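Undergrad: My structure is in entry04.pdb, and what it holds is PDB, C-alpha atoms and all ligand atoms:
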```
ATOM      1  CA  MET A   1      -7.206  36.821  -3.066
ATOM      2  CA  PRO A   2      -4.249  35.334  -4.964
ATOM      3  CA  SER A   3      -4.712  33.608  -8.299
ATOM      4  CA  ILE A   4      -4.418  29.815  -8.509
ATOM      5  CA  ASP A   5      -0.918  30.166  -9.955
ATOM      6  CA  ALA A   6       0.208  32.580  -7.234
ATOM      7  CA  ALA A   7      -1.214  30.436  -4.427
ATOM      8  CA  LEU A   8       0.544  27.359  -5.821
ATOM      9  CA  LYS A   9       3.820  29.192  -6.161
ATOM     10  CA  ALA A  10       3.703  30.478  -2.586
ATOM     11  CA  ALA A  11       2.780  27.068  -1.182
ATOM     12  CA  THR A  12       5.522  25.331  -3.187
ATOM     13  CA  ILE A  13       8.122  27.661  -1.686
ATOM     14  CA  GLN A  14       6.758  27.054   1.826
ATOM     15  CA  LEU A  15       6.884  23.264   1.367
ATOM     16  CA  GLN A  16      10.365  23.143  -0.126
ATOM     17  CA  ALA A  17      12.181  22.288   3.088
ATOM     18  CA  HIS A  18       9.477  19.819   4.218
ATOM     19  CA  SER A  19       8.696  17.627   1.241
ATOM     20  CA  ASP A  20      10.492  15.812  -1.586
ATOM     21  CA  SER A  21       7.718  16.863  -3.947
ATOM     22  CA  PRO A  22       6.616  20.381  -2.903
ATOM     23  CA  LYS A  23       5.022  21.426  -6.218
ATOM     24  CA  LEU A  24       3.093  18.192  -6.633
ATOM     25  CA  ASP A  25       1.928  18.290  -3.003
ATOM     26  CA  ALA A  26       0.647  21.854  -3.448
ATOM     27  CA  GLU A  27      -1.164  20.952  -6.676
ATOM     28  CA  VAL A  28      -2.788  17.825  -5.246
ATOM     29  CA  LEU A  29      -3.950  19.708  -2.142
ATOM     30  CA  LEU A  30      -5.352  22.649  -4.134
ATOM     31  CA  LEU A  31      -7.202  20.340  -6.529
ATOM     32  CA  HIS A  32      -8.651  18.602  -3.495
ATOM     33  CA  VAL A  33      -9.944  21.935  -2.161
ATOM     34  CA  LEU A  34     -11.331  22.933  -5.562
ATOM     35  CA  ASP A  35     -12.667  19.433  -6.247
ATOM     36  CA  LYS A  36     -11.380  19.636  -9.825
ATOM     37  CA  PRO A  37      -9.335  17.433 -12.169
ATOM     38  CA  ARG A  38      -5.694  18.190 -12.861
ATOM     39  CA  SER A  39      -6.370  19.919 -16.198
ATOM     40  CA  TYR A  40      -8.165  22.730 -14.327
ATOM     41  CA  LEU A  41      -4.844  24.134 -13.075
ATOM     42  CA  PHE A  42      -3.545  24.730 -16.585
ATOM     43  CA  ALA A  43      -6.722  26.286 -17.948
ATOM     44  CA  TRP A  44      -7.604  28.480 -14.975
ATOM     45  CA  GLY A  45      -4.251  29.521 -13.458
ATOM     46  CA  ASP A  46      -5.132  33.243 -13.557
ATOM     47  CA  THR A  47      -8.435  32.806 -11.736
ATOM     48  CA  PRO A  48      -8.471  34.276  -8.224
ATOM     49  CA  LEU A  49      -9.228  31.819  -5.409
ATOM     50  CA  SER A  50     -12.320  32.471  -3.335
ATOM     51  CA  ASP A  51     -11.785  33.428   0.300
ATOM     52  CA  GLU A  52     -13.037  30.066   1.437
ATOM     53  CA  HIS A  53     -10.871  28.014  -0.915
ATOM     54  CA  HIS A  54      -7.814  30.063  -0.077
ATOM     55  CA  HIS A  55      -8.406  29.571   3.628
ATOM     56  CA  GLN A  56      -8.946  25.807   3.243
ATOM     57  CA  PHE A  57      -5.812  25.520   1.104
ATOM     58  CA  GLN A  58      -3.713  27.369   3.668
ATOM     59  CA  GLN A  59      -4.955  25.083   6.414
ATOM     60  CA  LEU A  60      -3.963  22.008   4.424
ATOM     61  CA  ILE A  61      -0.538  23.488   3.681
ATOM     62  CA  ALA A  62      -0.073  24.186   7.412
ATOM     63  CA  GLN A  63      -0.832  20.528   8.181
ATOM     64  CA  ARG A  64       1.504  19.362   5.435
ATOM     65  CA  LEU A  65       4.218  21.581   6.951
ATOM     66  CA  GLN A  66       3.770  19.613  10.182
ATOM     67  CA  GLY A  67       4.461  16.426   8.231
ATOM     68  CA  HIS A  68       0.957  15.024   7.716
ATOM     69  CA  PRO A  69       0.982  12.824   4.594
ATOM     70  CA  VAL A  70      -0.779  14.279   1.538
ATOM     71  CA  ALA A  71      -2.891  11.116   1.333
ATOM     72  CA  HIS A  72      -4.199  11.682   4.865
ATOM     73  CA  LEU A  73      -5.095  15.270   4.007
ATOM     74  CA  THR A  74      -7.037  14.309   0.882
ATOM     75  CA  GLY A  75      -8.280  10.960   2.257
ATOM     76  CA  ILE A  76      -7.514   9.260  -1.034
ATOM     77  CA  ARG A  77      -4.571   7.601  -2.827
ATOM     78  CA  GLU A  78      -4.438   5.942  -6.199
ATOM     79  CA  PHE A  79      -3.008   2.412  -6.397
ATOM     80  CA  TRP A  80      -2.931   0.358  -9.587
ATOM     81  CA  SER A  81      -5.122   3.144 -11.068
ATOM     82  CA  LEU A  82      -7.786   2.442  -8.431
ATOM     83  CA  PRO A  83      -8.817   5.322  -6.138
ATOM     84  CA  LEU A  84      -8.544   4.069  -2.544
ATOM     85  CA  PHE A  85      -9.781   5.735   0.620
ATOM     86  CA  VAL A  86      -7.015   6.002   3.207
ATOM     87  CA  ASN A  87      -6.854   6.970   6.863
ATOM     88  CA  ASN A  88      -4.423   6.608   9.732
ATOM     89  CA  SER A  89      -5.492   3.044  10.566
ATOM     90  CA  THR A  90      -3.385   1.485   7.788
ATOM     91  CA  LEU A  91      -0.319   2.009   5.627
ATOM     92  CA  ILE A  92      -0.727   4.388   2.713
ATOM     93  CA  PRO A  93      -0.408   2.288  -0.470
ATOM     94  CA  ARG A  94       3.004   2.754  -2.114
ATOM     95  CA  PRO A  95       4.144   2.477  -5.738
ATOM     96  CA  ASP A  96       6.675  -0.205  -4.683
ATOM     97  CA  THR A  97       3.795  -2.482  -3.789
ATOM     98  CA  GLU A  98       2.558  -2.329  -7.391
ATOM     99  CA  THR A  99       5.629  -4.469  -8.176
ATOM    100  CA  LEU A 100       4.095  -7.212  -6.035
ATOM    101  CA  VAL A 101       0.847  -6.951  -8.013
ATOM    102  CA  GLU A 102       2.793  -7.182 -11.309
ATOM    103  CA  GLN A 103       4.683 -10.256 -10.126
ATOM    104  CA  ALA A 104       1.489 -11.925  -8.941
ATOM    105  CA  LEU A 105      -0.240 -11.244 -12.267
ATOM    106  CA  ALA A 106       2.736 -12.741 -14.143
ATOM    107  CA  LEU A 107       2.350 -16.150 -12.433
ATOM    108  CA  PRO A 108       0.797 -19.041 -14.364
ATOM    109  CA  LEU A 109      -2.325 -19.333 -12.199
ATOM    110  CA  PRO A 110      -5.630 -21.033 -13.058
ATOM    111  CA  ASP A 111      -8.523 -18.886 -14.344
ATOM    112  CA  ASN A 112     -10.456 -19.418 -11.118
ATOM    113  CA  ALA A 113      -7.483 -19.101  -8.740
ATOM    114  CA  ARG A 114      -8.039 -18.688  -5.016
ATOM    115  CA  VAL A 115      -5.854 -15.929  -3.630
ATOM    116  CA  LEU A 116      -5.229 -14.738  -0.071
ATOM    117  CA  ASP A 117      -3.843 -11.302   0.917
ATOM    118  CA  LEU A 118      -2.487 -11.202   4.487
ATOM    119  CA  GLY A 119      -2.495  -7.803   6.205
ATOM    120  CA  THR A 120      -4.523  -6.096   3.504
ATOM    121  CA  GLY A 121      -4.718  -2.614   5.092
ATOM    122  CA  THR A 122      -6.633  -0.425   2.614
ATOM    123  CA  GLY A 123      -7.246  -3.583   0.552
ATOM    124  CA  ALA A 124      -4.836  -2.310  -2.116
ATOM    125  CA  ILE A 125      -3.242  -5.589  -3.232
ATOM    126  CA  ALA A 126      -6.401  -7.701  -2.990
ATOM    127  CA  LEU A 127      -8.513  -5.147  -4.845
ATOM    128  CA  ALA A 128      -5.894  -4.651  -7.576
ATOM    129  CA  LEU A 129      -5.686  -8.420  -8.181
ATOM    130  CA  ALA A 130      -9.460  -8.816  -8.067
ATOM    131  CA  SER A 131      -9.928  -5.964 -10.547
ATOM    132  CA  GLU A 132      -7.601  -7.680 -13.041
ATOM    133  CA  HIS A 133      -9.147 -11.133 -12.604
ATOM    134  CA  PRO A 134     -12.903 -11.065 -11.980
ATOM    135  CA  GLN A 135     -12.885 -14.901 -11.963
ATOM    136  CA  TRP A 136     -10.384 -15.132  -9.119
ATOM    137  CA  CYS A 137     -11.734 -15.592  -5.616
ATOM    138  CA  VAL A 138      -9.748 -13.243  -3.391
ATOM    139  CA  HIS A 139      -9.751 -13.369   0.400
ATOM    140  CA  ALA A 140      -8.112 -10.521   2.309
ATOM    141  CA  ILE A 141      -7.470 -10.433   6.047
ATOM    142  CA  ASP A 142      -6.362  -7.831   8.511
ATOM    143  CA  ALA A 143      -6.071  -8.045  12.307
ATOM    144  CA  SER A 144      -7.290  -4.462  12.750
ATOM    145  CA  ALA A 145     -11.051  -3.838  12.834
ATOM    146  CA  ASP A 146     -10.475  -0.317  11.500
ATOM    147  CA  ALA A 147      -8.465  -1.652   8.578
ATOM    148  CA  VAL A 148     -11.180  -4.207   7.782
ATOM    149  CA  GLU A 149     -13.770  -1.427   7.778
ATOM    150  CA  LEU A 150     -11.631   0.691   5.449
ATOM    151  CA  ALA A 151     -10.879  -2.195   3.071
ATOM    152  CA  ARG A 152     -14.605  -3.036   2.889
ATOM    153  CA  LYS A 153     -15.414   0.597   2.117
ATOM    154  CA  ASN A 154     -12.874   0.496  -0.724
ATOM    155  CA  GLN A 155     -14.267  -2.787  -1.990
ATOM    156  CA  GLN A 156     -17.789  -1.381  -2.056
ATOM    157  CA  ASN A 157     -16.676   1.816  -3.727
ATOM    158  CA  LEU A 158     -14.955  -0.194  -6.479
ATOM    159  CA  ALA A 159     -17.834  -2.686  -6.667
ATOM    160  CA  LEU A 160     -15.505  -5.711  -6.704
ATOM    161  CA  SER A 161     -17.685  -8.639  -5.715
ATOM    162  CA  ASN A 162     -14.958 -11.309  -5.960
ATOM    163  CA  VAL A 163     -13.220 -10.152  -2.763
ATOM    164  CA  GLU A 164     -14.066 -11.148   0.788
ATOM    165  CA  ILE A 165     -12.508  -9.128   3.607
ATOM    166  CA  ILE A 166     -12.145 -10.931   6.923
ATOM    167  CA  GLN A 167     -10.879  -9.810  10.330
ATOM    168  CA  SER A 168      -8.168 -12.288  11.310
ATOM    169  CA  ASP A 169      -4.818 -12.299  13.090
ATOM    170  CA  TRP A 170      -2.854 -13.798  10.181
ATOM    171  CA  PHE A 171      -4.387 -17.279   9.616
ATOM    172  CA  ASN A 172      -6.317 -17.550  12.903
ATOM    173  CA  ALA A 173      -9.857 -16.923  11.666
ATOM    174  CA  LEU A 174      -9.501 -18.665   8.293
ATOM    175  CA  ASN A 175     -11.440 -21.755   7.311
ATOM    176  CA  ASP A 176      -9.891 -24.866   5.906
ATOM    177  CA  VAL A 177      -9.391 -23.364   2.422
ATOM    178  CA  LYS A 178      -6.292 -23.829   0.284
ATOM    179  CA  TYR A 179      -5.022 -21.133  -2.038
ATOM    180  CA  GLU A 180      -3.021 -21.153  -5.272
ATOM    181  CA  LEU A 181      -1.420 -17.860  -4.227
ATOM    182  CA  ILE A 182      -0.833 -16.126  -0.894
ATOM    183  CA  VAL A 183       0.529 -12.565  -0.968
ATOM    184  CA  SER A 184       1.525 -10.241   1.839
ATOM    185  CA  ASN A 185       3.007  -6.825   2.493
ATOM    186  CA  PRO A 186       3.556  -7.503   6.203
ATOM    187  CA  PRO A 187       5.311  -5.294   8.759
ATOM    188  CA  TYR A 188       9.015  -5.694   8.029
ATOM    189  CA  ILE A 189      10.865  -2.717   9.516
ATOM    190  CA  ASP A 190      13.200  -3.157  12.491
ATOM    191  CA  GLU A 191      12.028  -1.174  15.508
ATOM    192  CA  HIS A 192      15.332   0.747  15.657
ATOM    193  CA  ASP A 193      15.295   1.773  11.988
ATOM    194  CA  PRO A 194      15.825   5.562  11.829
ATOM    195  CA  HIS A 195      13.431   5.808   8.854
ATOM    196  CA  LEU A 196      10.575   5.412  11.322
ATOM    197  CA  GLN A 197      11.252   8.998  12.463
ATOM    198  CA  GLN A 198      11.025  10.455   8.939
ATOM    199  CA  GLY A 199       8.303  11.328   6.466
ATOM    200  CA  ASP A 200       4.908   9.673   6.104
ATOM    201  CA  VAL A 201       5.677   6.605   8.265
ATOM    202  CA  ARG A 202       5.496   8.811  11.388
ATOM    203  CA  PHE A 203       1.746   9.027  10.769
ATOM    204  CA  GLU A 204       1.154   5.362   9.972
ATOM    205  CA  PRO A 205       0.403   2.613  12.528
ATOM    206  CA  LEU A 206       3.515   0.944  13.949
ATOM    207  CA  SER A 207       1.616  -2.361  13.913
ATOM    208  CA  ALA A 208       1.686  -2.206  10.103
ATOM    209  CA  LEU A 209       5.366  -1.260   9.916
ATOM    210  CA  VAL A 210       7.449  -2.861  12.663
ATOM    211  CA  ALA A 211       8.249  -6.519  13.269
ATOM    212  CA  GLY A 212      10.631  -8.229  15.678
ATOM    213  CA  ASP A 213      13.719 -10.212  14.746
ATOM    214  CA  ASN A 214      15.203  -7.440  12.535
ATOM    215  CA  GLY A 215      11.833  -7.026  10.854
ATOM    216  CA  LEU A 216      11.597 -10.699   9.840
ATOM    217  CA  ALA A 217       9.375 -12.133  12.608
ATOM    218  CA  ASP A 218       6.035 -11.821  10.796
ATOM    219  CA  ILE A 219       7.511 -13.000   7.499
ATOM    220  CA  GLU A 220       8.825 -16.163   9.194
ATOM    221  CA  HIS A 221       5.521 -16.703  11.002
ATOM    222  CA  ILE A 222       3.682 -16.526   7.668
ATOM    223  CA  ILE A 223       6.197 -18.758   5.828
ATOM    224  CA  CYS A 224       5.830 -21.359   8.549
ATOM    225  CA  ASN A 225       2.027 -21.290   8.774
ATOM    226  CA  ALA A 226       1.148 -20.742   5.100
ATOM    227  CA  LYS A 227       2.035 -24.343   4.261
ATOM    228  CA  ALA A 228      -1.328 -25.532   5.587
ATOM    229  CA  TYR A 229      -3.148 -23.022   3.369
ATOM    230  CA  LEU A 230      -1.369 -23.533   0.031
ATOM    231  CA  VAL A 231      -2.170 -26.126  -2.613
ATOM    232  CA  GLU A 232       0.775 -28.243  -3.741
ATOM    233  CA  GLY A 233       2.972 -25.995  -5.865
ATOM    234  CA  GLY A 234       1.112 -22.939  -4.544
ATOM    235  CA  VAL A 235       3.054 -19.684  -4.348
ATOM    236  CA  LEU A 236       3.771 -17.467  -1.340
ATOM    237  CA  MET A 237       4.931 -13.942  -2.192
ATOM    238  CA  PHE A 238       6.117 -11.111   0.071
ATOM    239  CA  GLU A 239       7.017  -7.497  -0.143
ATOM    240  CA  HIS A 240      10.009  -6.866   2.139
ATOM    241  CA  GLY A 241      12.775  -4.377   2.932
ATOM    242  CA  PHE A 242      15.447  -3.685   0.308
ATOM    243  CA  GLU A 243      18.088  -5.505   2.368
ATOM    244  CA  GLN A 244      15.982  -8.541   3.270
ATOM    245  CA  GLY A 245      15.919 -10.491  -0.017
ATOM    246  CA  GLU A 246      18.562 -13.028   0.917
ATOM    247  CA  ALA A 247      17.182 -13.513   4.431
ATOM    248  CA  VAL A 248      13.675 -14.147   3.080
ATOM    249  CA  ARG A 249      14.984 -16.638   0.477
ATOM    250  CA  ASN A 250      16.849 -18.436   3.278
ATOM    251  CA  LEU A 251      13.691 -18.596   5.411
ATOM    252  CA  PHE A 252      11.803 -20.132   2.488
ATOM    253  CA  THR A 253      14.521 -22.762   2.052
ATOM    254  CA  LYS A 254      14.697 -23.439   5.790
ATOM    255  CA  HIS A 255      10.956 -24.176   5.818
ATOM    256  CA  GLY A 256      11.080 -26.498   2.788
ATOM    257  CA  TYR A 257       9.763 -24.294  -0.025
ATOM    258  CA  LYS A 258      11.325 -24.536  -3.486
ATOM    259  CA  ASN A 259      12.559 -22.091  -6.132
ATOM    260  CA  PRO A 260      12.805 -18.971  -3.968
ATOM    261  CA  ARG A 261      13.575 -15.865  -6.043
ATOM    262  CA  THR A 262      13.741 -12.132  -5.446
ATOM    263  CA  GLU A 263      12.522  -9.364  -7.764
ATOM    264  CA  ARG A 264      13.323  -5.649  -7.757
ATOM    265  CA  ASP A 265      11.041  -2.637  -7.505
ATOM    266  CA  LEU A 266      10.995   0.443  -9.756
ATOM    267  CA  GLY A 267      13.950   1.884  -7.817
ATOM    268  CA  GLN A 268      15.971  -1.291  -8.588
ATOM    269  CA  ASN A 269      15.882  -2.402  -4.942
ATOM    270  CA  ASP A 270      15.215  -5.991  -3.897
ATOM    271  CA  ARG A 271      11.564  -5.798  -2.856
ATOM    272  CA  ILE A 272       9.619  -8.995  -3.611
ATOM    273  CA  THR A 273      10.530 -12.593  -2.786
ATOM    274  CA  LEU A 274       8.432 -15.624  -3.688
ATOM    275  CA  ALA A 275       8.677 -19.389  -3.535
ATOM    276  CA  GLU A 276       6.540 -22.480  -4.145
ATOM    277  CA  LEU A 277       5.282 -25.020  -1.694
ATOM    278  CA  ALA A 278       7.198 -28.192  -2.544
ATOM    279  CA  SER A 279       4.972 -31.072  -3.627
TER     280      SER A 279
HETATM  281  N1  LIG B   1       7.660   0.118   2.419
HETATM  282  C1  LIG B   1       7.264   0.771   3.615
HETATM  283  C2  LIG B   1       8.292   1.823   3.996
HETATM  284  O1  LIG B   1       9.454   1.562   3.935
HETATM  285  C3  LIG B   1       7.056  -0.182   4.754
HETATM  286  C4  LIG B   1       6.011  -1.178   4.462
HETATM  287  C5  LIG B   1       5.913  -2.285   5.451
HETATM  288  O2  LIG B   1       6.472  -2.300   6.542
HETATM  289  N2  LIG B   1       5.165  -3.235   5.085
HETATM  290  O3  LIG B   1       7.947   2.917   4.333
END
```
Turn this file's structure into structure tokens for me.
Ligand code: GLN

TA:
Amino acid sequence: MPSIDAALKAATIQLQAHSDSPKLDAEVLLLHVLDKPRSYLFAWGDTPLSDEHHHQFQQLIAQRLQGHPVAHLTGIREFWSLPLFVNNSTLIPRPDTETLVEQALALPLPDNARVLDLGTGTGAIALALASEHPQWCVHAIDASADAVELARKNQQNLALSNVEIIQSDWFNALNDVKYELIVSNPPYIDEHDPHLQQGDVRFEPLSALVAGDNGLADIEHIICNAKAYLVEGGVLMFEHGFEQGEAVRNLFTKHGYKNPRTERDLGQNDRITLAELAS
């Protein structure tokens, strides 16, 4: 059997035409098979793989060659330094969405703020915020029963007791509570966007990706309906597409919110827009 180093090298070459990060993909998949931390690769590169591990690794590489996301193959993705279970019922958490968490944490909110995450998926945003502020009361909704199950599993695994995960089609199942902050990474991609045919999104649910009206339909629905669920001066914050900043600011203004502003992600693209409910 090949050594760890040789197996990684061969897999990296195989993945080159199929992934933007072939070496990293190979390493993450091999560590998953070996059930070892990253440091193992550097210390034990000359060690031959067992038959079984080599076989399992090759199977994962074959699936990756077909386009399956690495996170689906390992079943786990880190977000905000929290390990989250993932599956094909939700979006895979993305680094861009950590910008939303940063912006939310930078707001001047009360110590016991009530926060709502709409379309929580894996629970990534809600769990990240709850982990930073144990005194906050965080509600997270998703319309999909499978997503709710996954988010609850993540919540239990992280033992974050200040989060409640609720199955709801946007605001439909919510009680008469008002929040200081509402956040959402809703579907915002236009159905004709060619990116939907490329990379990981091909394996993610369309219901979490695509929205009508050039991708803005769900954002407008939320802007319109969130007013009844925000305290005076409460903040509504979205992740959106890199070309949607101006449109989202205009929707906020159209619906009577004040101080809309857009922030950029790590790639310097417009990604987050927020505004306050006028008092
Ligand atoms: N940012 C994701 C992508 O472009 C889409 C996320 C979303 O629609 N909410 O792949």

Undergrad: Can you tell me which residues come within 10 Å of ligand LIG 1 (chain B) when counting all atoms listed in the file, ideally as a PDB file with C-alpha atoms, in the coordinates of the input?

TA:
```pdb
ATOM      1  CA  LEU A  91      -0.319   2.009   5.627  1.00  0.00           C
ATOM      2  CA  ILE A  92      -0.727   4.388   2.713  1.00  0.00           C
ATOM      3  CA  PRO A  93      -0.408   2.288  -0.470  1.00  0.00           C
ATOM      4  CA  ARG A  94       3.004   2.754  -2.114  1.00  0.00           C
ATOM      5  CA  PRO A  95       4.144   2.477  -5.738  1.00  0.00           C
ATOM      6  CA  ASP A  96       6.675  -0.205  -4.683  1.00  0.00           C
ATOM      7  CA  THR A  97       3.795  -2.482  -3.789  1.00  0.00           C
ATOM      8  CA  GLY A 119      -2.495  -7.803   6.205  1.00  0.00           C
ATOM      9  CA  GLY A 121      -4.718  -2.614   5.092  1.00  0.00           C
ATOM     10  CA  SER A 184       1.525 -10.241   1.839  1.00  0.00           C
ATOM     11  CA  ASN A 185       3.007  -6.825   2.493  1.00  0.00           C
ATOM     12  CA  PRO A 186       3.556  -7.503   6.203  1.00  0.00           C
ATOM     13  CA  PRO A 187       5.311  -5.294   8.759  1.00  0.00           C
ATOM     14  CA  TYR A 188       9.015  -5.694   8.029  1.00  0.00           C
ATOM     15  CA  ILE A 189      10.865  -2.717   9.516  1.00  0.00           C
ATOM     16  CA  ASP A 190      13.200  -3.157  12.491  1.00  0.00           C
ATOM     17  CA  ASP A 193      15.295   1.773  11.988  1.00  0.00           C
ATOM     18  CA  HIS A 195      13.431   5.808   8.854  1.00  0.00           C
ATOM     19  CA  LEU A 196      10.575   5.412  11.322  1.00  0.00           C
ATOM     20  CA  GLN A 198      11.025  10.455   8.939  1.00  0.00           C
ATOM     21  CA  GLY A 199       8.303  11.328   6.466  1.00  0.00           C
ATOM     22  CA  ASP A 200       4.908   9.673   6.104  1.00  0.00           C
ATOM     23  CA  VAL A 201       5.677   6.605   8.265  1.00  0.00           C
ATOM     24  CA  ARG A 202       5.496   8.811  11.388  1.00  0.00           C
ATOM     25  CA  GLU A 204       1.154   5.362   9.972  1.00  0.00           C
ATOM     26  CA  PRO A 205       0.403   2.613  12.528  1.00  0.00           C
ATOM     27  CA  LEU A 206       3.515   0.944  13.949  1.00  0.00           C
ATOM     28  CA  SER A 207       1.616  -2.361  13.913  1.00  0.00           C
ATOM     29  CA  ALA A 208       1.686  -2.206  10.103  1.00  0.00           C
ATOM     30  CA  LEU A 209       5.366  -1.260   9.916  1.00  0.00           C
ATOM     31  CA  VAL A 210       7.449  -2.861  12.663  1.00  0.00           C
ATOM     32  CA  ALA A 211       8.249  -6.519  13.269  1.00  0.00           C
ATOM     33  CA  GLY A 215      11.833  -7.026  10.854  1.00  0.00           C
ATOM     34  CA  PHE A 238       6.117 -11.111   0.071  1.00  0.00           C
ATOM     35  CA  GLU A 239       7.017  -7.497  -0.143  1.00  0.00           C
ATOM     36  CA  HIS A 240      10.009  -6.866   2.139  1.00  0.00           C
ATOM     37  CA  GLY A 241      12.775  -4.377   2.932  1.00  0.00           C
ATOM     38  CA  PHE A 242      15.447  -3.685   0.308  1.00  0.00           C
ATOM     39  CA  ARG A 271      11.564  -5.798  -2.856  1.00  0.00           C
TER      40      ARG A 271
END
```

Undergrad: Could you tell me which residues the PyMOL selection byres (((chain A and resi 178) around 8) and not hetatm) returns for this structure, as a PyMOL selection string?

TA: chain A and resi 114+176-177+179-180+228-231

Undergrad: Point out the residue among A:Val183, A:Leu8, A:Ala278, A:Ile166 with the least atom-to-atom distance to Glu232 of chain A, counting all atoms listed in the file.

TA: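 Smallest distance to Glu232 of chain A is found for A:Ala278.
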
Undergrad: Carefully work through the PyMOL selection byres (((chain A and resi 100) around 12) and not hetatm) for this structure and note down the residues it includes, as a ChimeraX atom specification.

TA: /A:79-80,93-99,101-107,117,124-126,128-129,182-185,236-240,262-266,270-274

Undergrad: Can you tell me how far atom CA of Leu29 of chain A sits from atom CA of Asp142 of chain A, in Å to one decimal?

TA: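 So the two atoms, atom CA of Leu29 of chain A and atom CA of Asp142 of chain A, lie 29.6 Å apart.
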
Undergrad: Kindly extract all protein, DNA and RNA residues lying within 12 Å of the coordinates (-18.7, -8.4, -7.1) given in the file, considering only C-alpha atoms, and supply them as JSON, numbers by chain.

TA: {"A": [127, 130, 131, 133, 134, 135, 136, 137, 138, 155, 156, 157, 158, 159, 160, 161, 162, 163, 164]}

Undergrad: In Å, with one decimal, what is the gap from atom CA of Gly245 of chain A to atom CA of Arg77 of chain A?

TA: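 These atoms are spaced 27.5 Å apart.
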
Undergrad: With only C-alpha atoms as the atoms that count, which of A:Ser168, A:Asn175, A:Asn154, A:Gln14 lies nearest to Leu84 of chain A?

TA: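 With only C-alpha atoms as the atom set, the closest residue is A:Asn154.
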
Undergrad: With N, CA and C atoms as the goal, would you fill in the gaps in segment 239-251 of chain A and present it as a CSV table (one decimal), in the frame of the given file?

TA:
```csv
chain,number,residue,atom,x,y,z
A,239,GLU,N,6.2,-8.7,-0.1
A,239,GLU,CA,7.0,-7.5,-0.1
A,239,GLU,C,7.9,-7.5,1.1
A,240,HIS,N,9.1,-7.0,1.0
A,240,HIS,CA,10.0,-6.9,2.1
A,240,HIS,C,11.0,-5.7,2.0
A,241,GLY,N,11.8,-5.5,3.0
A,241,GLY,CA,12.8,-4.4,2.9
A,241,GLY,C,13.9,-4.6,1.9
A,242,PHE,N,14.5,-3.6,1.4
A,242,PHE,CA,15.4,-3.7,0.3
A,242,PHE,C,16.7,-4.5,0.7
A,243,GLU,N,16.9,-4.7,2.0
A,243,GLU,CA,18.1,-5.5,2.4
A,243,GLU,C,17.7,-6.9,2.9
A,244,GLN,N,16.5,-7.3,2.7
A,244,GLN,CA,16.0,-8.5,3.3
A,244,GLN,C,15.8,-9.7,2.3
A,245,GLY,N,16.1,-9.5,1.0
A,245,GLY,CA,15.9,-10.5,0.0
A,245,GLY,C,16.6,-11.8,0.3
A,246,GLU,N,17.8,-11.8,0.6
A,246,GLU,CA,18.6,-13.0,0.9
A,246,GLU,C,18.0,-13.7,2.2
A,247,ALA,N,17.7,-12.9,3.2
A,247,ALA,CA,17.2,-13.5,4.4
A,247,ALA,C,15.8,-14.2,4.2
A,248,VAL,N,15.0,-13.6,3.4
A,248,VAL,CA,13.7,-14.1,3.1
A,248,VAL,C,13.8,-15.4,2.2
A,249,ARG,N,14.7,-15.4,1.3
A,249,ARG,CA,15.0,-16.6,0.5
A,249,ARG,C,15.5,-17.8,1.4
A,250,ASN,N,16.3,-17.4,2.3
A,250,ASN,CA,16.8,-18.4,3.3
A,250,ASN,C,15.7,-19.0,4.2
A,251,LEU,N,14.8,-18.1,4.6
A,251,LEU,CA,13.7,-18.6,5.4
A,251,LEU,C,12.8,-19.6,4.6
```
